[in-house]
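J.: Structure incoming, see below.
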Amino acid sequence: MPYSGNVFSYYCLSNDYVNNIVAHPYNFDAGDLALYYVSFLRAVSSKISRDTLCLLVKVHGDVVVSFPMYTEALKFAQHEEKMIQTAIRALTLNIYNICDNNVYQFITTPPASIYFSDLVSSLRKQCLQLDALVNSSEDKCTHQRNKDIFLKTDKIVDDLFYFKDMLSVGESRLSRVVTQNLLSLLILPLLLPLLKLGENKGSYNISAVTSLYIVSRLLQVVGGKHLINGVAGLLLYHYMALCQRDAIATNGDIAGSIGDASPLLHSLNDINIKVSDHEAEGEKEININYLLQHLNVQTSSNSHFDGSPKDDNVYIERFGIFAYLFSDNHSISLASLFLLLTLAENKDLEHFPASLLGMSQSQGLMNNCESAFLKVDGSILVGLMPQILKTLLKVLACQPPVSPPMQWHTGWFLRKLLQCQGNKLTDDNIHLFNTSYEQSRECLQKELDGCWFDHIPDTIGHEWGSCKKALELQFHVKDPLFTLELEICQQAIDGNFNSCFAWERMVDAVKVFILHLQLKALIFMGCLLEKPSLESPSDSDLGKTYSRDISSASFGSEVSLGSGIPCRIAFSYAGVRDIYLVALARGISGKLILAEKHPFRSQRGIVIAIAPLAGLSQPRIDEDHPTWLHLQIREFEPNFVKAKGRESKVSTPPADGRWTLGFHSAKACETARLLILEETCKQRSSVESMLAPLLREDYLVNVLDRQGD
């Protein structure tokens with residue numbers, strides 16, 4: 001007996017017991033009944049097998065006419081409760097993995113197959129909502145918009161992994177219905193605007209950067225030969241047409257004409273694309289063959305080019321995905337390049353013409369640093385590589401500078417392409433990079449005059465590893481979400497200024513300089529640099545005991561008054577107090593201390609306030625009261641930012657503190673001001689000495705010399 005090992009399950013599933021429970025008209029409007037009901041269905045689905053599945057379906061002849069557990073479960077597929085959605089998806093996957101031919105026929109034909117189109121329609125709706133977030137004109141802080149976008153993309157990716165799980169079942173009919181719905185309802189409508197056909201068909205009002213993100217993420221997560229090759233065939237159609245034209249001109253072979261859509265497009269045969277119909281305020285269908293005819297007309301209309309590589313390059317730059325690749329919008333440009341890399345890196349990409357790859361199909365794509373646009377022979381797209389690299393370098397050299405995250409992502413692309421090019425740049429591109437490098441070095445040097453120069457060495461140490469890790473990130477783990485984050489970062493910088501914004505500016509300058517130094521090493525040395533050892537200058541010229549006493553001072557501790565200058569300060573909570581101002585720099589550290597005279601030890605004081613010397617900005621004597629000295633104090637604590645990781649931007653930074661000190665004479669006030677400036681200058685000189693080797697033009701030469709020793 002085939003069920004001897006599972007008699008209990010067979011008994012429970014037979015005689016329509018389960019079907020009767022499932023089909024009962026329950027009232028799910030109140031309480032948790034829906035959750036219990038769905039949990040029961042999921043539990044049953046985990047117990048059935050190919051042998052017992054027949055007990056849950058109703059057949060007429062060899063045709064399944066009813067599958068109550070499946071159809072009733074699908075009614076909860078779009079339930080607002082996440083746990084219920086998850087249970088339904090687990091149930092469907094359980095069923096898909098044990099279905100026989102008859103049940104698959106039921107699942108993949110209407111009305112049951114409507115489930116798959118509903119899933120894709122729901123995903124498309126989420127994509128529209130994501131685009132609305134990306135392009136929102138509301139006055140939202142970047143942090144909140146990033147958070148909202150992250151949550152929305154997380155939901156989208158969950159859906160994509162569900163589609164991947166369905167394709168992983170490996171059943172051809174299931175894979176076909178899933179793939180065709182993804183293509184006709186989502187992917188192709190998103191790709192049509194990217195093809196630049198002169199019509200706005202299928203756009204669903206989704207911006208280019210969002211479309212590029214969605215298609216890239218879908219290909220990354222879901223993949224599959226039909227999706228990969230279909231998308232590649234459409235995006236590279238113009239290029240393939242030129243290759244075919246060249247083949248005909250060279251060999252006289254007219255067996256394959258432009259009208260032949262290439263093996264890449266075979267998966268798209270007779271697919272109807274659902275697109276928005278603005279006139280009818282609804283949707284209409286366009287057959288893929290109509291689209292291909294339109295592409296043929298567009299390609300033929302540009303046949304006046306004489307076929308030279310220069311003309312071909314100009315033509316390609318104007319159309320399809322390459323028009324976005326060379327866009328002035330940096331986020332769109334990077335998103336386009338990421339999509340092309342996604343196609344090139346995918347192992348399912350096949351049937352590319354040999355002239356396109358410059359390699360046999362048995363070879364890997366990016367494993368050999370060759371792909372549809374990274375070819376190393378004389379093809380058209382090789383001619384575009386200098387332009388692609390130049391486009392990336394222009395992002396780095398852009399004035400005013402783009403955000404450091406955008407520069408880091410640009411650097412990642414540059415490293416990847418340079419590796420495939422043997423780290424070679426044209427003379428023009430080397431000049432462009434050198435200009436960008438000098439700009440990054442000058443920006444960092446300017447920060448030595450800022451209020452955070454004392455933190456530059458530590459920030460270099462902290463960001464060095466982060467930059468190297470970002471540049472070395474493997475393609476398969478890189479999330480194209482960065483393209484959306486970059487899009488919303490392209491907005492005006494707040495004009496307010498305090499130590500918090502100065503901190504962010506300093507960190508940004510460090511990040512950009514490290515990136516350029518690493519890219520310079522990659523271009524001229526062929527590798528990335530390890531973190532440098534920044535040596536602190538000797539402080540032997542300082543009074544060791546006194547300086548150690550001051551550098552270790554904390555609130556309430558005792559310090560030597562030494563060269564302290566007597567003055568007065570008024571506190572809102574403690575009135576006017578007689579104090580001493582003590583300023584001292586020791587190496588790259590420096591403090592300004594306010595101390596009250598010790599009641600029993602005349603040369604000692606009790607610390608009542610401490611401020612970083614570097615953060616005092618410019619001490620200013622009051623114009624109307626020459627005995628008053630105004631100081632602006634850093635109140636922002638950078639350690640708080642480091643602890644928050646990626647959410648490092650503070651939307652409401654603390655206001656800087658302000659001290660006003662009163663001296664017994666104008667001369668004493670001026671002496672105090674000069675003392676602060678002198679000690680700050682000493683501290684700055686120590687930092688400059690520490691950073692000098694890193695900022696020298698011959699830094700890479702010195703690195704090579706040390707490696708040779």
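Order determines the names: the first chain of the structure tokens is A, the second B, and so forth; residues in each chain are numbered 1 upward, and ligands are numbered 1 upward as they are shown.
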Quick one: residues within 9 Å of Ser617 (chain A), only C-alpha atoms, excluding same-chain residues fewer than 6 positions away - as a VMD selection string?
T.: chain A and resid 450 to 451 631 to 634
J.: Do you know which residues are at most 9 Å from His330 (chain A) counting only C-alpha atoms, after dropping those on the same chain fewer than 5 positions away, and could you put them as a PyMOL selection string?
T.: chain A and resi 325+335+391-392+395+402+406+486-487
J.: May I have the residues from that selection written out with N, CA, C and O atoms, as a compact mmCIF listing (two decimals), in the first residue's frame?
T.:
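That gives us selection_0.txt:
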```txt
# COMPACT_ATOMS: atom_id res chain seq x y z
N LEU A 325 23.47 56.53 -20.58
CA LEU A 325 24.82 56.34 -20.06
C LEU A 325 25.62 57.63 -20.12
O LEU A 325 26.42 57.93 -19.23
N ALA A 335 23.34 54.63 -13.06
CA ALA A 335 22.31 53.58 -13.07
C ALA A 335 22.32 52.84 -14.40
O ALA A 335 22.14 51.61 -14.44
N THR A 391 33.24 60.01 -18.99
CA THR A 391 32.00 60.37 -18.30
C THR A 391 32.13 60.17 -16.79
O THR A 391 31.70 61.02 -15.99
N LEU A 392 32.76 59.06 -16.39
CA LEU A 392 32.95 58.81 -14.96
C LEU A 392 33.92 59.81 -14.35
O LEU A 392 33.71 60.31 -13.24
N VAL A 395 32.41 63.09 -13.54
CA VAL A 395 31.66 63.11 -12.29
C VAL A 395 32.59 63.47 -11.14
O VAL A 395 32.24 64.28 -10.26
N VAL A 402 30.22 66.85 -6.64
CA VAL A 402 29.07 66.02 -6.28
C VAL A 402 29.35 65.39 -4.91
O VAL A 402 30.45 65.46 -4.38
N MET A 406 28.40 59.66 -4.15
CA MET A 406 28.38 59.53 -5.60
C MET A 406 29.79 59.34 -6.14
O MET A 406 30.01 58.55 -7.07
N LEU A 486 21.45 58.46 -4.58
CA LEU A 486 22.18 59.54 -5.23
C LEU A 486 21.23 60.55 -5.85
O LEU A 486 21.49 61.75 -5.84
N GLU A 487 20.13 60.05 -6.40
CA GLU A 487 19.17 60.93 -7.06
C GLU A 487 18.60 61.94 -6.08
O GLU A 487 18.46 63.12 -6.39
```
J.: Out of A:Met69, A:Leu194, A:Leu174, A:Ala655, which residue has the shortest atom-to-atom distance to Asn498 (chain A) when counting only C-alpha atoms?
T.: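 Of the candidates, the smallest distance to Asn498 (chain A) is held by A:Ala655.
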J.: Can you list, as a tab-separated table (two decimals) with N, CA, C and O atoms, in the first residue's frame, every protein, DNA or RNA residue that comes within 12 Å of Leu219 (chain A) when you count only C-alpha atoms, leaving out same-chain residues fewer than 2 positions away?
T.:
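File result_10.tsv, as written:
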```
chain	number	residue	atom	x	y	z
A	157	VAL	N	11.94	43.98	-3.12
A	157	VAL	CA	12.91	42.89	-3.22
A	157	VAL	C	12.32	41.60	-2.65
A	157	VAL	O	12.59	40.51	-3.16
A	160	LEU	N	10.45	40.14	-5.39
A	160	LEU	CA	11.33	39.60	-6.41
A	160	LEU	C	11.88	38.24	-6.01
A	160	LEU	O	12.00	37.33	-6.85
A	161	PHE	N	12.20	38.07	-4.75
A	161	PHE	CA	12.70	36.78	-4.30
A	161	PHE	C	11.60	35.71	-4.37
A	161	PHE	O	11.90	34.53	-4.58
A	163	PHE	N	9.31	35.63	-6.75
A	163	PHE	CA	9.33	35.23	-8.16
A	163	PHE	C	10.52	34.31	-8.44
A	163	PHE	O	10.40	33.34	-9.20
A	164	LYS	N	11.65	34.61	-7.85
A	164	LYS	CA	12.83	33.75	-8.03
A	164	LYS	C	12.56	32.35	-7.51
A	164	LYS	O	12.94	31.35	-8.14
A	179	THR	N	7.48	34.34	-16.19
A	179	THR	CA	8.36	35.17	-17.01
A	179	THR	C	7.57	36.07	-17.95
A	179	THR	O	7.87	37.27	-18.09
A	182	LEU	N	6.03	38.96	-16.03
A	182	LEU	CA	7.03	39.95	-15.66
A	182	LEU	C	7.44	40.78	-16.86
A	182	LEU	O	7.60	42.01	-16.75
A	183	LEU	N	7.60	40.14	-18.00
A	183	LEU	CA	8.00	40.87	-19.20
A	183	LEU	C	6.91	41.81	-19.69
A	183	LEU	O	7.15	42.99	-19.95
A	187	ILE	N	8.61	44.62	-17.00
A	187	ILE	CA	9.94	44.90	-17.56
A	187	ILE	C	9.85	45.67	-18.87
A	187	ILE	O	10.48	46.73	-19.03
A	212	LEU	N	15.58	52.15	-14.26
A	212	LEU	CA	16.87	51.48	-14.34
A	212	LEU	C	17.15	50.68	-13.08
A	212	LEU	O	17.68	49.56	-13.13
A	213	TYR	N	16.80	51.26	-11.93
A	213	TYR	CA	16.99	50.54	-10.67
A	213	TYR	C	16.17	49.27	-10.64
A	213	TYR	O	16.68	48.19	-10.29
A	214	ILE	N	14.88	49.37	-10.98
A	214	ILE	CA	13.97	48.22	-10.89
A	214	ILE	C	14.42	47.10	-11.81
A	214	ILE	O	14.49	45.93	-11.39
A	215	VAL	N	14.77	47.43	-13.06
A	215	VAL	CA	15.20	46.40	-14.00
A	215	VAL	C	16.50	45.75	-13.53
A	215	VAL	O	16.67	44.53	-13.58
A	216	SER	N	17.44	46.56	-13.05
A	216	SER	CA	18.71	46.02	-12.56
A	216	SER	C	18.49	45.08	-11.38
A	216	SER	O	19.05	43.98	-11.33
A	217	ARG	N	17.66	45.52	-10.43
A	217	ARG	CA	17.43	44.70	-9.24
A	217	ARG	C	16.69	43.42	-9.61
A	217	ARG	O	16.97	42.35	-9.05
A	221	VAL	N	18.14	39.68	-8.86
A	221	VAL	CA	17.48	38.77	-7.93
A	221	VAL	C	16.82	37.61	-8.67
A	221	VAL	O	17.04	36.44	-8.34
A	222	VAL	N	16.00	37.92	-9.67
A	222	VAL	CA	15.21	36.90	-10.34
A	222	VAL	C	16.04	36.18	-11.40
A	222	VAL	O	16.11	34.95	-11.45
A	223	GLY	N	16.68	36.94	-12.28
A	223	GLY	CA	17.52	36.36	-13.32
A	223	GLY	C	16.73	35.47	-14.26
A	223	GLY	O	15.55	35.69	-14.54
A	224	GLY	N	17.40	34.47	-14.77
A	224	GLY	CA	16.78	33.56	-15.72
A	224	GLY	C	17.15	33.91	-17.15
A	224	GLY	O	17.25	35.08	-17.52
A	225	LYS	N	17.35	32.89	-17.98
A	225	LYS	CA	17.81	33.12	-19.35
A	225	LYS	C	16.84	33.97	-20.16
A	225	LYS	O	17.24	34.85	-20.92
A	226	HIS	N	15.55	33.70	-20.03
A	226	HIS	CA	14.57	34.43	-20.84
A	226	HIS	C	14.59	35.92	-20.51
A	226	HIS	O	14.56	36.77	-21.41
A	227	LEU	N	14.62	36.24	-19.22
A	227	LEU	CA	14.61	37.65	-18.82
A	227	LEU	C	15.92	38.33	-19.21
A	227	LEU	O	15.91	39.43	-19.79
A	228	ILE	N	17.04	37.71	-18.90
A	228	ILE	CA	18.35	38.31	-19.18
A	228	ILE	C	18.53	38.56	-20.68
A	228	ILE	O	18.89	39.66	-21.11
A	229	ASN	N	18.27	37.55	-21.46
A	229	ASN	CA	18.50	37.69	-22.90
A	229	ASN	C	17.49	38.59	-23.57
A	229	ASN	O	17.81	39.31	-24.53
A	230	GLY	N	16.25	38.58	-23.09
A	230	GLY	CA	15.24	39.48	-23.64
A	230	GLY	C	15.59	40.94	-23.39
A	230	GLY	O	15.51	41.78	-24.30
A	231	VAL	N	15.99	41.24	-22.15
A	231	VAL	CA	16.36	42.62	-21.81
A	231	VAL	C	17.62	43.04	-22.59
A	231	VAL	O	17.69	44.14	-23.14
A	232	ALA	N	18.61	42.14	-22.65
A	232	ALA	CA	19.84	42.47	-23.37
A	232	ALA	C	19.54	42.71	-24.85
A	232	ALA	O	20.09	43.63	-25.47
A	338	PHE	N	25.32	50.55	-14.46
A	338	PHE	CA	25.09	49.40	-13.59
A	338	PHE	C	24.23	48.36	-14.28
A	338	PHE	O	24.48	47.15	-14.16
A	339	LEU	N	23.22	48.80	-15.01
A	339	LEU	CA	22.35	47.86	-15.72
A	339	LEU	C	23.14	47.11	-16.79
A	339	LEU	O	22.98	45.89	-16.96
A	340	LEU	N	24.00	47.82	-17.52
A	340	LEU	CA	24.82	47.15	-18.53
A	340	LEU	C	25.75	46.13	-17.89
A	340	LEU	O	25.95	45.02	-18.41
A	341	LEU	N	26.34	46.48	-16.75
A	341	LEU	CA	27.20	45.54	-16.04
A	341	LEU	C	26.41	44.34	-15.53
A	341	LEU	O	26.90	43.21	-15.53
A	342	THR	N	25.17	44.59	-15.10
A	342	THR	CA	24.32	43.50	-14.63
A	342	THR	C	24.11	42.48	-15.74
A	342	THR	O	24.15	41.26	-15.50
A	343	LEU	N	23.88	42.96	-16.94
A	343	LEU	CA	23.72	42.06	-18.08
A	343	LEU	C	25.03	41.34	-18.40
A	343	LEU	O	25.06	40.12	-18.61
A	344	ALA	N	26.11	42.10	-18.44
A	344	ALA	CA	27.40	41.53	-18.84
A	344	ALA	C	27.90	40.48	-17.85
A	344	ALA	O	28.56	39.52	-18.24
A	345	GLU	N	27.59	40.67	-16.57
A	345	GLU	CA	28.09	39.76	-15.54
A	345	GLU	C	27.24	38.50	-15.41
A	345	GLU	O	27.64	37.55	-14.74
A	346	ASN	N	26.06	38.49	-16.01
A	346	ASN	CA	25.14	37.38	-15.76
A	346	ASN	C	25.52	36.15	-16.57
A	346	ASN	O	25.72	36.22	-17.78
A	347	LYS	N	25.60	35.02	-15.88
A	347	LYS	CA	26.02	33.77	-16.53
A	347	LYS	C	24.97	33.26	-17.52
A	347	LYS	O	25.28	32.41	-18.36
A	348	ASP	N	23.74	33.75	-17.44
A	348	ASP	CA	22.68	33.31	-18.34
A	348	ASP	C	22.67	34.05	-19.67
A	348	ASP	O	21.89	33.72	-20.57
A	349	LEU	N	23.52	35.06	-19.82
A	349	LEU	CA	23.58	35.80	-21.07
A	349	LEU	C	24.17	34.91	-22.16
A	349	LEU	O	25.25	34.33	-22.00
A	476	HIS	N	28.24	41.15	-7.38
A	476	HIS	CA	27.01	40.42	-7.08
A	476	HIS	C	26.40	40.82	-5.74
A	476	HIS	O	25.25	40.48	-5.48
A	479	ASP	N	24.22	46.59	-4.25
A	479	ASP	CA	22.80	46.88	-4.41
A	479	ASP	C	22.63	48.16	-5.22
A	479	ASP	O	23.17	49.21	-4.85
A	480	PRO	N	21.89	48.11	-6.34
A	480	PRO	CA	21.69	49.33	-7.13
A	480	PRO	C	20.85	50.39	-6.43
A	480	PRO	O	20.58	51.44	-7.01
```
J.: Please identify which residues in region 551-614 of chain A DSSP calls strand (DSSP E or B) from the backbone, and express them as a ChimeraX atom specification.
T.: /A:558-560,565-571,575-586,589-597,604-612
J.: Neighbouring residues of His431 (chain A) were defined as those with any atom within 12 Å, considering only C-alpha atoms; residues of the same chain fewer than 5 positions away were excluded. Please report them as a VMD selection string.
T.: chain A and resid 390 393 to 394 397 425 to 426 436 to 438 520
J.: Using only C-alpha atoms for the distances, tell me which of A:Arg568, A:His60, A:Arg176, A:His79 is nearest to Phe116 (chain A).
T.: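 Looking only at the distances to Phe116 (chain A), the closest residue turns out to be A:Arg176.
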J.: Between A:Leu616, A:Leu522, A:Ala30, A:Leu561, which is the closest to Glu596 (chain A) once you count only C-alpha atoms?
T.: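 The answer is A:Leu561, which sits nearest to Glu596 (chain A).
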J.: Between CA of Ser45 (chain A) and CA of Lys125 (chain A), what is the distance, to one decimal in Å?
T.: 29.4 Å
J.: What's around Glu678 (chain A) at 12 Å? Count only C-alpha atoms, leave out sequence neighbours fewer than 2 positions away in its own chain, and write the answer as a list in words.
T.: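 Selected residues are Ala583, Leu584, Ala585, Gly590, Leu613, Ala614, Gln618, Pro619, Thr671, Ala672, Arg673, Leu674, Leu675, Ile676, Thr680, Cys681, Lys682, Gln683, Arg684 and Ser685 of chain A.
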J.: Any chance you could export the current selection's N, CA and C atoms as an mmCIF file, in the first residue's frame?
T.:
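For reference, again-v3.cif as written:
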```cif
data_model
loop_
_atom_site.group_PDB
_atom_site.id
_atom_site.type_symbol
_atom_site.label_atom_id
_atom_site.label_comp_id
_atom_site.auth_asym_id
_atom_site.auth_seq_id
_atom_site.Cartn_x
_atom_site.Cartn_y
_atom_site.Cartn_z
ATOM 1 N N ALA A 583 45.536 77.957 27.652
ATOM 2 C CA ALA A 583 45.506 77.385 26.301
ATOM 3 C C ALA A 583 46.825 76.676 26.046
ATOM 4 N N LEU A 584 46.745 75.419 25.575
ATOM 5 C CA LEU A 584 47.974 74.671 25.335
ATOM 6 C C LEU A 584 47.753 73.639 24.244
ATOM 7 N N ALA A 585 48.718 73.560 23.301
ATOM 8 C CA ALA A 585 48.718 72.527 22.264
ATOM 9 C C ALA A 585 49.852 71.562 22.553
ATOM 10 N N GLY A 590 44.955 69.779 21.453
ATOM 11 C CA GLY A 590 44.971 71.123 22.017
ATOM 12 C C GLY A 590 43.701 71.403 22.800
ATOM 13 N N LEU A 613 40.766 73.319 21.333
ATOM 14 C CA LEU A 613 41.454 74.501 20.825
ATOM 15 C C LEU A 613 41.165 74.715 19.342
ATOM 16 N N ALA A 614 41.133 73.622 18.587
ATOM 17 C CA ALA A 614 40.923 73.740 17.146
ATOM 18 C C ALA A 614 39.537 74.252 16.807
ATOM 19 N N GLN A 618 37.799 81.809 15.009
ATOM 20 C CA GLN A 618 38.640 82.988 15.194
ATOM 21 C C GLN A 618 38.201 83.738 16.449
ATOM 22 N N PRO A 619 39.019 83.756 17.521
ATOM 23 C CA PRO A 619 38.660 84.544 18.707
ATOM 24 C C PRO A 619 38.550 86.026 18.328
ATOM 25 N N THR A 671 46.415 89.836 24.606
ATOM 26 C CA THR A 671 47.378 88.775 24.926
ATOM 27 C C THR A 671 46.711 87.406 24.918
ATOM 28 N N ALA A 672 45.507 87.334 25.480
ATOM 29 C CA ALA A 672 44.767 86.066 25.497
ATOM 30 C C ALA A 672 44.430 85.624 24.072
ATOM 31 N N ARG A 673 44.009 86.566 23.243
ATOM 32 C CA ARG A 673 43.666 86.230 21.863
ATOM 33 C C ARG A 673 44.879 85.690 21.113
ATOM 34 N N LEU A 674 46.034 86.381 21.293
ATOM 35 C CA LEU A 674 47.244 85.943 20.612
ATOM 36 C C LEU A 674 47.720 84.585 21.130
ATOM 37 N N LEU A 675 47.533 84.331 22.436
ATOM 38 C CA LEU A 675 47.920 83.042 23.005
ATOM 39 C C LEU A 675 47.113 81.903 22.373
ATOM 40 N N ILE A 676 45.811 82.137 22.232
ATOM 41 C CA ILE A 676 44.958 81.112 21.612
ATOM 42 C C ILE A 676 45.386 80.856 20.170
ATOM 43 N N THR A 680 46.978 77.399 18.776
ATOM 44 C CA THR A 680 46.248 76.764 17.672
ATOM 45 C C THR A 680 47.161 76.558 16.476
ATOM 46 N N CYS A 681 48.015 77.527 16.208
ATOM 47 C CA CYS A 681 48.969 77.428 15.102
ATOM 48 C C CYS A 681 49.944 76.278 15.329
ATOM 49 N N LYS A 682 50.404 76.103 16.584
ATOM 50 C CA LYS A 682 51.291 74.979 16.908
ATOM 51 C C LYS A 682 50.589 73.644 16.644
ATOM 52 N N GLN A 683 49.349 73.568 17.090
ATOM 53 C CA GLN A 683 48.588 72.335 16.895
ATOM 54 C C GLN A 683 48.391 72.054 15.403
ATOM 55 N N ARG A 684 48.055 73.106 14.656
ATOM 56 C CA ARG A 684 47.833 72.938 13.217
ATOM 57 C C ARG A 684 49.119 72.504 12.523
ATOM 58 N N SER A 685 50.249 73.078 12.940
ATOM 59 C CA SER A 685 51.538 72.710 12.343
ATOM 60 C C SER A 685 51.846 71.237 12.576
#
```
J.: Distance CA of Pro612 (chain A)-CA of His598 (chain A), one decimal place?
T.: 22.8 Å
J.: With DSSP run on the backbone, what are the helix (DSSP H, G or I) residues within region 27-248 of chain A? I'd like them as a VMD selection string.
T.: chain A and resid 33 to 45 53 to 56 68 to 74 82 to 96 101 to 107 114 to 134 142 to 168 172 to 194 208 to 221 225 to 235 237 to 248
J.: When you look at Pro457 (chain A) with a cut-off of 10 Å (counting only C-alpha atoms), what residues show up, excluding the ones that are within fewer than 3 positions of it in the same chain? I need them as a compact mmCIF listing (two decimals) with C-alpha atoms, in the first residue's frame.
T.:
```txt
# COMPACT_ATOMS: atom_id res chain seq x y z
CA PHE A 453 41.66 70.02 11.55
CA ASP A 454 42.62 68.14 14.73
CA ILE A 460 41.69 59.37 7.51
CA GLY A 461 42.33 56.22 9.53
CA HIS A 462 38.62 55.62 10.00
CA VAL A 510 38.76 63.25 3.58
CA LEU A 534 50.69 58.59 10.10
CA GLU A 535 53.45 59.41 12.56
CA SER A 536 52.78 62.04 15.19
CA ILE A 588 48.02 67.25 17.38
CA VAL A 687 48.75 68.06 12.02
CA GLU A 688 50.24 69.47 8.80
CA MET A 690 51.71 64.44 10.09
CA LEU A 691 49.78 64.74 6.83
```
J.: Using only C-alpha atoms, which residues sit within 12 Å of Leu704 (chain A) once same-chain residues fewer than 2 positions away are excluded, as a PDB file with N, CA and C atoms, in the first residue's frame?
T.:
```pdb
ATOM      1  N   ALA A 521      46.659  55.362  -7.260  1.00  0.00           N
ATOM      2  CA  ALA A 521      47.492  54.172  -7.084  1.00  0.00           C
ATOM      3  C   ALA A 521      47.085  53.073  -8.059  1.00  0.00           C
ATOM      4  N   PHE A 524      48.355  54.151 -11.683  1.00  0.00           N
ATOM      5  CA  PHE A 524      49.798  54.199 -11.914  1.00  0.00           C
ATOM      6  C   PHE A 524      50.573  53.043 -11.280  1.00  0.00           C
ATOM      7  N   MET A 525      49.948  52.337 -10.322  1.00  0.00           N
ATOM      8  CA  MET A 525      50.628  51.209  -9.682  1.00  0.00           C
ATOM      9  C   MET A 525      49.912  49.882  -9.924  1.00  0.00           C
ATOM     10  N   GLY A 526      48.640  49.956 -10.323  1.00  0.00           N
ATOM     11  CA  GLY A 526      47.896  48.733 -10.593  1.00  0.00           C
ATOM     12  C   GLY A 526      47.302  48.070  -9.374  1.00  0.00           C
ATOM     13  N   CYS A 527      47.290  48.762  -8.231  1.00  0.00           N
ATOM     14  CA  CYS A 527      46.735  48.166  -7.010  1.00  0.00           C
ATOM     15  C   CYS A 527      46.251  49.267  -6.079  1.00  0.00           C
ATOM     16  N   LEU A 529      46.015  50.922  -2.157  1.00  0.00           N
ATOM     17  CA  LEU A 529      46.974  51.119  -1.070  1.00  0.00           C
ATOM     18  C   LEU A 529      46.406  50.638   0.259  1.00  0.00           C
ATOM     19  N   ASP A 698      54.911  63.121  -4.605  1.00  0.00           N
ATOM     20  CA  ASP A 698      55.688  61.893  -4.781  1.00  0.00           C
ATOM     21  C   ASP A 698      55.320  60.825  -3.760  1.00  0.00           C
ATOM     22  N   TYR A 699      54.106  60.910  -3.194  1.00  0.00           N
ATOM     23  CA  TYR A 699      53.727  59.923  -2.169  1.00  0.00           C
ATOM     24  C   TYR A 699      53.767  58.508  -2.722  1.00  0.00           C
ATOM     25  N   LEU A 700      53.236  58.302  -3.925  1.00  0.00           N
ATOM     26  CA  LEU A 700      53.219  56.960  -4.496  1.00  0.00           C
ATOM     27  C   LEU A 700      54.636  56.468  -4.784  1.00  0.00           C
ATOM     28  N   VAL A 701      55.532  57.371  -5.180  1.00  0.00           N
ATOM     29  CA  VAL A 701      56.927  56.997  -5.413  1.00  0.00           C
ATOM     30  C   VAL A 701      57.554  56.503  -4.113  1.00  0.00           C
ATOM     31  N   ASN A 702      57.271  57.205  -3.025  1.00  0.00           N
ATOM     32  CA  ASN A 702      57.811  56.798  -1.728  1.00  0.00           C
ATOM     33  C   ASN A 702      57.240  55.459  -1.283  1.00  0.00           C
ATOM     34  N   ARG A 706      59.428  52.123  -0.468  1.00  0.00           N
ATOM     35  CA  ARG A 706      59.338  51.359   0.782  1.00  0.00           C
ATOM     36  C   ARG A 706      59.035  49.891   0.496  1.00  0.00           C
ATOM     37  N   GLN A 707      58.205  49.653  -0.529  1.00  0.00           N
ATOM     38  CA  GLN A 707      57.897  48.269  -0.884  1.00  0.00           C
ATOM     39  C   GLN A 707      59.113  47.556  -1.440  1.00  0.00           C
ATOM     40  N   GLY A 708      60.015  48.322  -2.085  1.00  0.00           N
ATOM     41  CA  GLY A 708      61.209  47.704  -2.653  1.00  0.00           C
ATOM     42  C   GLY A 708      62.285  47.418  -1.629  1.00  0.00           C
ATOM     43  N   ASP A 709      62.219  48.108  -0.464  1.00  0.00           N
ATOM     44  CA  ASP A 709      63.235  47.899   0.576  1.00  0.00           C
ATOM     45  C   ASP A 709      63.075  46.533   1.242  1.00  0.00           C
TER      46      ASP A 709
END
```
J.: So how far away is CA of Tyr10 (chain A) from CA of Asn102 (chain A), in Å?
T.: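 These atoms are spaced 20.2 Å apart.
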J.: Considering only C-alpha atoms, can you say which of A:Ile430, A:Cys398, A:Leu389, A:Leu190 comes closest to Lys416 (chain A)?
T.: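 Closest candidate: A:Leu389.
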J.: Choose the residue, out of A:Thr435, A:Ser499, A:Ser327, A:Ser560, that has the smallest atom-to-atom separation from His516 (chain A); count only C-alpha atoms.
T.: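 For His516 (chain A), the nearest of the candidates is A:Thr435.
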